[in-house]
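Notes for the one structure printed next.
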Amino acid sequence: EVTGNNAVLALACHDILMHPDARLGDIGNGRKANEEVQTFVKRVLSLRRNPRLNWALAAGMMDPQVAVRKVRVINTKNGIRTPEVHIVTDQELQKLRDDKREMPDVPVTIKDAGETGIFTGSKANADDILIPRTAKNIDEVAAVYGVSARALHKSAAASNRKKDVALIRIKEPITPLLESFLIRQIDRCEQMGKTMIIFEITSPGCGWRTASPT
């Protein structure tokens, strides 16, 4: 389970893979996240790294009172009708209605108001949010990205023979000391010519001011 501030680290990644039973979210730890956290998450989302993540999903993870819906919107241009799936809050859904956008289906509820915004890998995969697919073990992760499973079983510091992928495991609380270590590890991976870094996060938590969106 990855919740609280550690969930934000996952949201900053280009891709997220989850075990079907893993749980991700609840950034506010059962409460609405404060403005500082929300501003930080907006900055992370502005980088548009993960196409399966948007503000509505993040808002649902930061505030139990925010509902998240999936709706199909028909866009018409030059007589051509093209369906497009939107993940929206109730406020955004109302704006679509006010703008008289064509929505042929009843919106699907991903998360209702009053529910904790935490999603299992199975649910995220079924709703086509957050993740491209689930992975039950490190070998399946390697298969998704077409890399060596052996390389992923090594730490980033030790994987000096594989030139395309590195694995960084985060098990300790994310403190300023660990943040500095992670920055050095990322720099080291870049210097070694790594083109992909996979973070395996099982950290118990951290103080909010530790993290930086860069």
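Residue names in the structure tokens use chain letters A, B, ... in the order shown, residue numbers from 1 in each chain, and ligand numbers from 1 in the order shown.
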Range 36-134 of chain A residues near range 6-27 of chain A within 12 Å, closest pair each, using only C-alpha atoms, as JSON lines:
{"residue": "A:Val37", "atom": "CA", "partner": "A:Ile27", "partner_atom": "CA", "distance": 8.7}
{"residue": "A:Gln38", "atom": "CA", "partner": "A:Ile27", "partner_atom": "CA", "distance": 9.6}
{"residue": "A:Thr39", "atom": "CA", "partner": "A:Val8", "partner_atom": "CA", "distance": 11.7}
{"residue": "A:Phe40", "atom": "CA", "partner": "A:Val8", "partner_atom": "CA", "distance": 8.9}
{"residue": "A:Val41", "atom": "CA", "partner": "A:Val8", "partner_atom": "CA", "distance": 7.0}
{"residue": "A:Lys42", "atom": "CA", "partner": "A:Ala12", "partner_atom": "CA", "distance": 10.5}
{"residue": "A:Arg43", "atom": "CA", "partner": "A:Ala12", "partner_atom": "CA", "distance": 9.6}
{"residue": "A:Val44", "atom": "CA", "partner": "A:Ala12", "partner_atom": "CA", "distance": 5.8}
{"residue": "A:Leu45", "atom": "CA", "partner": "A:Ala12", "partner_atom": "CA", "distance": 7.4}
{"residue": "A:Ser46", "atom": "CA", "partner": "A:Ala12", "partner_atom": "CA", "distance": 10.0}
{"residue": "A:Leu47", "atom": "CA", "partner": "A:Ala12", "partner_atom": "CA", "distance": 8.4}
{"residue": "A:Arg48", "atom": "CA", "partner": "A:His14", "partner_atom": "CA", "distance": 8.3}
{"residue": "A:Arg49", "atom": "CA", "partner": "A:His14", "partner_atom": "CA", "distance": 4.6}
{"residue": "A:Asn50", "atom": "CA", "partner": "A:His14", "partner_atom": "CA", "distance": 4.8}
{"residue": "A:Pro51", "atom": "CA", "partner": "A:His14", "partner_atom": "CA", "distance": 8.2}
{"residue": "A:Arg52", "atom": "CA", "partner": "A:Asp15", "partner_atom": "CA", "distance": 8.7}
{"residue": "A:Leu53", "atom": "CA", "partner": "A:Leu11", "partner_atom": "CA", "distance": 7.7}
{"residue": "A:Asn54", "atom": "CA", "partner": "A:Leu11", "partner_atom": "CA", "distance": 9.7}
{"residue": "A:Trp55", "atom": "CA", "partner": "A:Leu11", "partner_atom": "CA", "distance": 11.0}
{"residue": "A:Leu57", "atom": "CA", "partner": "A:Gly25", "partner_atom": "CA", "distance": 9.4}
{"residue": "A:Ala58", "atom": "CA", "partner": "A:Gly25", "partner_atom": "CA", "distance": 8.3}
{"residue": "A:Ala59", "atom": "CA", "partner": "A:Ile27", "partner_atom": "CA", "distance": 9.3}
{"residue": "A:Gly60", "atom": "CA", "partner": "A:Asp26", "partner_atom": "CA", "distance": 8.4}
{"residue": "A:Met61", "atom": "CA", "partner": "A:Asp26", "partner_atom": "CA", "distance": 5.0}
{"residue": "A:Met62", "atom": "CA", "partner": "A:Ile27", "partner_atom": "CA", "distance": 5.0}
{"residue": "A:Asp63", "atom": "CA", "partner": "A:Asp26", "partner_atom": "CA", "distance": 7.9}
{"residue": "A:Pro64", "atom": "CA", "partner": "A:Asp26", "partner_atom": "CA", "distance": 8.1}
{"residue": "A:Gln65", "atom": "CA", "partner": "A:Asp26", "partner_atom": "CA", "distance": 11.7}
{"residue": "A:Val66", "atom": "CA", "partner": "A:Asp26", "partner_atom": "CA", "distance": 11.9}
{"residue": "A:Lys111", "atom": "CA", "partner": "A:Gly25", "partner_atom": "CA", "distance": 11.8}
{"residue": "A:Glu115", "atom": "CA", "partner": "A:Asp26", "partner_atom": "CA", "distance": 9.9}
{"residue": "A:Thr116", "atom": "CA", "partner": "A:Asp26", "partner_atom": "CA", "distance": 6.2}
{"residue": "A:Gly117", "atom": "CA", "partner": "A:Asp26", "partner_atom": "CA", "distance": 5.1}
{"residue": "A:Ile118", "atom": "CA", "partner": "A:Gly25", "partner_atom": "CA", "distance": 4.2}
{"residue": "A:Phe119", "atom": "CA", "partner": "A:Arg23", "partner_atom": "CA", "distance": 5.4}
{"residue": "A:Thr120", "atom": "CA", "partner": "A:Arg23", "partner_atom": "CA", "distance": 4.3}
{"residue": "A:Gly121", "atom": "CA", "partner": "A:Pro20", "partner_atom": "CA", "distance": 4.2}
{"residue": "A:Ser122", "atom": "CA", "partner": "A:Pro20", "partner_atom": "CA", "distance": 4.5}
{"residue": "A:Lys123", "atom": "CA", "partner": "A:Pro20", "partner_atom": "CA", "distance": 8.0}
{"residue": "A:Ala124", "atom": "CA", "partner": "A:Pro20", "partner_atom": "CA", "distance": 8.8}
{"residue": "A:Asn125", "atom": "CA", "partner": "A:Pro20", "partner_atom": "CA", "distance": 8.3}
{"residue": "A:Ala126", "atom": "CA", "partner": "A:Pro20", "partner_atom": "CA", "distance": 10.3}
{"residue": "A:Asp128", "atom": "CA", "partner": "A:Ile16", "partner_atom": "CA", "distance": 12.0}
{"residue": "A:Ile129", "atom": "CA", "partner": "A:Ile16", "partner_atom": "CA", "distance": 10.0}
{"residue": "A:Leu130", "atom": "CA", "partner": "A:Ile16", "partner_atom": "CA", "distance": 6.6}
{"residue": "A:Ile131", "atom": "CA", "partner": "A:Ile16", "partner_atom": "CA", "distance": 5.1}
{"residue": "A:Pro132", "atom": "CA", "partner": "A:Leu17", "partner_atom": "CA", "distance": 7.1}
{"residue": "A:Arg133", "atom": "CA", "partner": "A:Leu17", "partner_atom": "CA", "distance": 6.3}
{"residue": "A:Thr134", "atom": "CA", "partner": "A:Met18", "partner_atom": "CA", "distance": 5.0}
Write a file of the just-selected residues containing C-alpha atoms, as a JSON list (two decimals), in the first residue's frame.
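Now in out_11.json:
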[["chain", "number", "residue", "atom", "x", "y", "z"],
["A", 37, "VAL", "CA", 0.15, 19.60, -0.96],
["A", 38, "GLN", "CA", -2.47, 20.39, -3.61],
["A", 39, "THR", "CA", -0.25, 23.07, -5.15],
["A", 40, "PHE", "CA", 2.66, 20.65, -5.25],
["A", 41, "VAL", "CA", 0.54, 17.97, -6.94],
["A", 42, "LYS", "CA", -0.68, 20.50, -9.53],
["A", 43, "ARG", "CA", 2.94, 21.27, -10.36],
["A", 44, "VAL", "CA", 3.67, 17.55, -10.74],
["A", 45, "LEU", "CA", 0.65, 17.07, -13.01],
["A", 46, "SER", "CA", 1.62, 20.08, -15.12],
["A", 47, "LEU", "CA", 4.59, 18.03, -16.35],
["A", 48, "ARG", "CA", 2.05, 15.65, -17.96],
["A", 49, "ARG", "CA", 4.18, 12.56, -17.54],
["A", 50, "ASN", "CA", 1.44, 9.95, -17.06],
["A", 51, "PRO", "CA", -1.37, 10.07, -19.66],
["A", 52, "ARG", "CA", -3.65, 7.99, -17.38],
["A", 53, "LEU", "CA", -3.51, 10.55, -14.59],
["A", 54, "ASN", "CA", -5.28, 13.91, -14.45],
["A", 55, "TRP", "CA", -6.41, 16.50, -11.93],
["A", 57, "LEU", "CA", -8.07, 11.58, -10.15],
["A", 58, "ALA", "CA", -5.50, 13.42, -8.07],
["A", 59, "ALA", "CA", -8.22, 15.57, -6.48],
["A", 60, "GLY", "CA", -10.12, 12.41, -5.57],
["A", 61, "MET", "CA", -7.00, 11.01, -3.91],
["A", 62, "MET", "CA", -6.47, 14.24, -1.97],
["A", 63, "ASP", "CA", -10.02, 14.83, -0.76],
["A", 64, "PRO", "CA", -12.51, 12.12, 0.31],
["A", 65, "GLN", "CA", -15.41, 14.47, -0.54],
["A", 66, "VAL", "CA", -14.45, 14.75, -4.23],
["A", 111, "LYS", "CA", -15.01, 7.16, -6.74],
["A", 115, "GLU", "CA", -15.10, 7.51, -0.12],
["A", 116, "THR", "CA", -11.38, 7.43, 0.51],
["A", 117, "GLY", "CA", -9.51, 8.04, -2.74],
["A", 118, "ILE", "CA", -7.43, 4.89, -2.83],
["A", 119, "PHE", "CA", -7.39, 2.48, -5.78],
["A", 120, "THR", "CA", -6.28, -1.13, -6.10],
["A", 121, "GLY", "CA", -4.27, -2.25, -9.08],
["A", 122, "SER", "CA", -7.23, -4.34, -10.25],
["A", 123, "LYS", "CA", -9.63, -1.38, -10.14],
["A", 124, "ALA", "CA", -7.17, 0.99, -11.79],
["A", 125, "ASN", "CA", -6.63, -1.52, -14.58],
["A", 126, "ALA", "CA", -10.37, -2.12, -15.05],
["A", 128, "ASP", "CA", -8.08, 2.35, -17.36],
["A", 129, "ILE", "CA", -6.73, 4.92, -14.92],
["A", 130, "LEU", "CA", -3.29, 5.48, -13.39],
["A", 131, "ILE", "CA", -1.68, 2.34, -14.84],
["A", 132, "PRO", "CA", -1.28, 0.70, -18.28],
["A", 133, "ARG", "CA", -1.60, -2.75, -16.69],
["A", 134, "THR", "CA", -0.94, -4.71, -13.51]]
Long-range neighbours of Glu84 in chain A as a VMD selection string, 9 Å cut-off, only C-alpha atoms, 6 positions minimum in chain: chain A and resid 71 to 75
Restricting it to all heavy atoms, dump the selection as a CSV table (one decimal), in the first residue's frame.
chain,number,residue,atom,x,y,z
A,71,VAL,N,-16.7,9.7,-18.2
A,71,VAL,CA,-17.8,10.0,-19.1
A,71,VAL,C,-17.3,10.0,-20.5
A,71,VAL,O,-16.1,10.5,-20.8
A,71,VAL,CB,-18.4,11.4,-18.7
A,71,VAL,CG1,-17.4,12.5,-18.8
A,71,VAL,CG2,-19.7,11.7,-19.6
A,72,ARG,N,-18.1,9.6,-21.4
A,72,ARG,CA,-17.7,9.6,-22.9
A,72,ARG,C,-18.3,10.9,-23.5
A,72,ARG,O,-19.6,11.1,-23.4
A,72,ARG,CB,-18.2,8.3,-23.6
A,72,ARG,CG,-17.6,8.1,-25.0
A,72,ARG,CD,-17.8,6.7,-25.4
A,72,ARG,NE,-19.2,6.3,-25.4
A,72,ARG,CZ,-19.9,6.2,-26.5
A,72,ARG,NH1,-19.4,6.5,-27.7
A,72,ARG,NH2,-21.2,5.9,-26.5
A,73,VAL,N,-17.5,11.7,-24.1
A,73,VAL,CA,-17.9,12.9,-24.8
A,73,VAL,C,-17.7,12.8,-26.3
A,73,VAL,O,-16.7,12.3,-26.7
A,73,VAL,CB,-17.1,14.1,-24.2
A,73,VAL,CG1,-17.5,15.4,-24.9
A,73,VAL,CG2,-17.3,14.2,-22.7
A,74,ILE,N,-18.7,13.2,-27.0
A,74,ILE,CA,-18.6,13.1,-28.5
A,74,ILE,C,-18.2,14.5,-29.0
A,74,ILE,O,-18.8,15.5,-28.8
A,74,ILE,CB,-20.0,12.8,-29.1
A,74,ILE,CG1,-20.5,11.5,-28.6
A,74,ILE,CG2,-19.8,12.7,-30.7
A,74,ILE,CD1,-19.6,10.3,-28.9
A,75,ASN,N,-17.0,14.5,-29.7
A,75,ASN,CA,-16.5,15.7,-30.3
A,75,ASN,C,-16.9,15.7,-31.8
A,75,ASN,O,-16.7,14.6,-32.5
A,75,ASN,CB,-15.0,15.8,-30.2
A,75,ASN,CG,-14.6,16.0,-28.7
A,75,ASN,OD1,-15.2,16.7,-27.9
A,75,ASN,ND2,-13.5,15.3,-28.3
Shortest interatomic distance to Tyr145 in chain A - which of A:Val108, A:Asp187, A:Met196, A:Leu167, counting only C-alpha atoms: A:Met196
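Across the structure, CA of Glu92 in chain A and CA of Gly4 in chain A are spaced 24.9 Å apart.
Residues lying within 12 Å of Ala142 in chain A, counting only C-alpha atoms and ignoring same-chain neighbours fewer than 6 positions away, are Leu17, Ala135, Lys136, Ser148, Ala149, Arg150, Ala151, Leu152, His153, Asp164, Val165, Ala166, Leu167, Met196, Ile197 and Ile198 of chain A.
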Selection above as a file: N, CA, C and O atoms, as a short mmCIF file (atom, residue, chain, number, x, y, z; two decimals), in the first residue's frame:
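File part-v6.cif, as written:
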data_model
loop_
_atom_site.label_atom_id
_atom_site.label_comp_id
_atom_site.auth_asym_id
_atom_site.auth_seq_id
_atom_site.Cartn_x
_atom_site.Cartn_y
_atom_site.Cartn_z
N LEU A 17 3.11 0.82 -12.45
CA LEU A 17 2.64 -0.57 -12.51
C LEU A 17 2.31 -0.99 -11.10
O LEU A 17 3.06 -0.71 -10.17
N ALA A 135 1.04 -5.82 -12.69
CA ALA A 135 2.19 -6.72 -12.75
C ALA A 135 2.32 -7.41 -11.39
O ALA A 135 2.35 -6.74 -10.36
N LYS A 136 2.36 -8.72 -11.39
CA LYS A 136 2.38 -9.48 -10.14
C LYS A 136 3.78 -9.65 -9.56
O LYS A 136 3.93 -9.97 -8.38
N SER A 148 15.75 -6.61 -19.17
CA SER A 148 16.23 -7.80 -18.50
C SER A 148 15.69 -7.89 -17.08
O SER A 148 15.86 -6.96 -16.29
N ALA A 149 15.06 -9.00 -16.74
CA ALA A 149 14.58 -9.20 -15.37
C ALA A 149 15.75 -9.25 -14.40
O ALA A 149 15.65 -8.80 -13.26
N ARG A 150 16.89 -9.78 -14.85
CA ARG A 150 18.06 -9.86 -13.98
C ARG A 150 18.51 -8.47 -13.56
O ARG A 150 18.85 -8.24 -12.40
N ALA A 151 18.45 -7.52 -14.50
CA ALA A 151 18.88 -6.16 -14.17
C ALA A 151 17.97 -5.54 -13.12
O ALA A 151 18.43 -4.79 -12.26
N LEU A 152 16.68 -5.86 -13.16
CA LEU A 152 15.76 -5.27 -12.21
C LEU A 152 15.90 -5.85 -10.81
O LEU A 152 15.43 -5.27 -9.85
N HIS A 153 16.54 -6.99 -10.69
CA HIS A 153 16.75 -7.58 -9.38
C HIS A 153 17.97 -6.99 -8.67
O HIS A 153 18.25 -7.33 -7.54
N ASP A 164 20.56 0.12 -20.01
CA ASP A 164 19.30 0.73 -20.38
C ASP A 164 18.35 0.94 -19.21
O ASP A 164 17.48 1.80 -19.27
N VAL A 165 18.45 0.18 -18.13
CA VAL A 165 17.46 0.25 -17.06
C VAL A 165 18.13 0.14 -15.69
O VAL A 165 19.14 -0.51 -15.53
N ALA A 166 17.53 0.85 -14.73
CA ALA A 166 18.00 0.77 -13.35
C ALA A 166 16.80 0.68 -12.43
O ALA A 166 15.72 1.21 -12.73
N LEU A 167 16.98 0.01 -11.32
CA LEU A 167 15.94 -0.13 -10.31
C LEU A 167 16.40 0.56 -9.03
O LEU A 167 17.50 0.31 -8.55
N MET A 196 16.06 4.33 -18.54
CA MET A 196 14.84 4.08 -17.76
C MET A 196 15.22 3.83 -16.30
O MET A 196 16.17 3.11 -16.02
N ILE A 197 14.48 4.47 -15.40
CA ILE A 197 14.65 4.22 -13.97
C ILE A 197 13.31 3.77 -13.42
O ILE A 197 12.30 4.45 -13.60
N ILE A 198 13.29 2.62 -12.75
CA ILE A 198 12.08 2.11 -12.12
C ILE A 198 12.23 2.24 -10.61
O ILE A 198 13.21 1.78 -10.03
#
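A straight line drawn from CA of Thr195 in chain A to CA of Asn5 in chain A is 26.0 Å long.
The smallest atom-to-atom distance between Val147 in chain A and any of A:Lys194, A:Gly114, A:Asp90, A:Ala33, using only C-alpha atoms, is found for A:Lys194.
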Best match for closeness to Thr109 in chain A among A:Arg97, A:Arg169, A:His86, A:Lys70, counting only C-alpha atoms: A:Lys70
Option closest in space to Ala56 in chain A, from A:Gln94, A:Thr89, A:Asn137, A:Gln185 [counting only C-alpha atoms]: A:Thr89
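Atom pair CA of Ile183 in chain A / CA of Glu36 in chain A has a distance of 22.3 Å (rounded to one decimal).
Residues of range 45-134 of chain A assigned to helix (DSSP H, G or I) by DSSP on this structure's backbone: Leu45, Ser46, Trp55, Ala56, Leu57, Ala58, Ala59, Gly60, Met61, Met62, Asp90, Gln91, Glu92, Leu93, Gln94, Lys95, Leu96, Arg97, Asp98, Gly121, Ser122, Lys123, Ala124, Asn125, Ala126 and Asp127 of chain A.
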Save out the residues we just selected, C-alpha atoms, as an mmCIF file, in the first residue's frame.
data_model
loop_
_atom_site.group_PDB
_atom_site.id
_atom_site.type_symbol
_atom_site.label_atom_id
_atom_site.label_comp_id
_atom_site.auth_asym_id
_atom_site.auth_seq_id
_atom_site.Cartn_x
_atom_site.Cartn_y
_atom_site.Cartn_z
ATOM 1 C CA LEU A 45 0.650 17.068 -13.006
ATOM 2 C CA SER A 46 1.619 20.081 -15.117
ATOM 3 C CA TRP A 55 -6.411 16.497 -11.935
ATOM 4 C CA ALA A 56 -9.763 14.811 -11.234
ATOM 5 C CA LEU A 57 -8.070 11.580 -10.152
ATOM 6 C CA ALA A 58 -5.503 13.425 -8.073
ATOM 7 C CA ALA A 59 -8.223 15.567 -6.476
ATOM 8 C CA GLY A 60 -10.115 12.406 -5.570
ATOM 9 C CA MET A 61 -7.005 11.009 -3.906
ATOM 10 C CA MET A 62 -6.466 14.243 -1.969
ATOM 11 C CA ASP A 90 -18.635 16.501 -10.448
ATOM 12 C CA GLN A 91 -17.824 20.175 -10.956
ATOM 13 C CA GLU A 92 -16.137 19.434 -14.279
ATOM 14 C CA LEU A 93 -19.021 17.172 -15.265
ATOM 15 C CA GLN A 94 -21.483 19.980 -14.611
ATOM 16 C CA LYS A 95 -19.419 22.312 -16.796
ATOM 17 C CA LEU A 96 -19.611 19.791 -19.647
ATOM 18 C CA ARG A 97 -23.379 19.767 -19.229
ATOM 19 C CA ASP A 98 -23.559 23.551 -19.055
ATOM 20 C CA GLY A 121 -4.270 -2.253 -9.082
ATOM 21 C CA SER A 122 -7.230 -4.336 -10.254
ATOM 22 C CA LYS A 123 -9.632 -1.379 -10.138
ATOM 23 C CA ALA A 124 -7.170 0.993 -11.793
ATOM 24 C CA ASN A 125 -6.628 -1.516 -14.584
ATOM 25 C CA ALA A 126 -10.372 -2.124 -15.049
ATOM 26 C CA ASP A 127 -11.128 1.622 -15.146
#
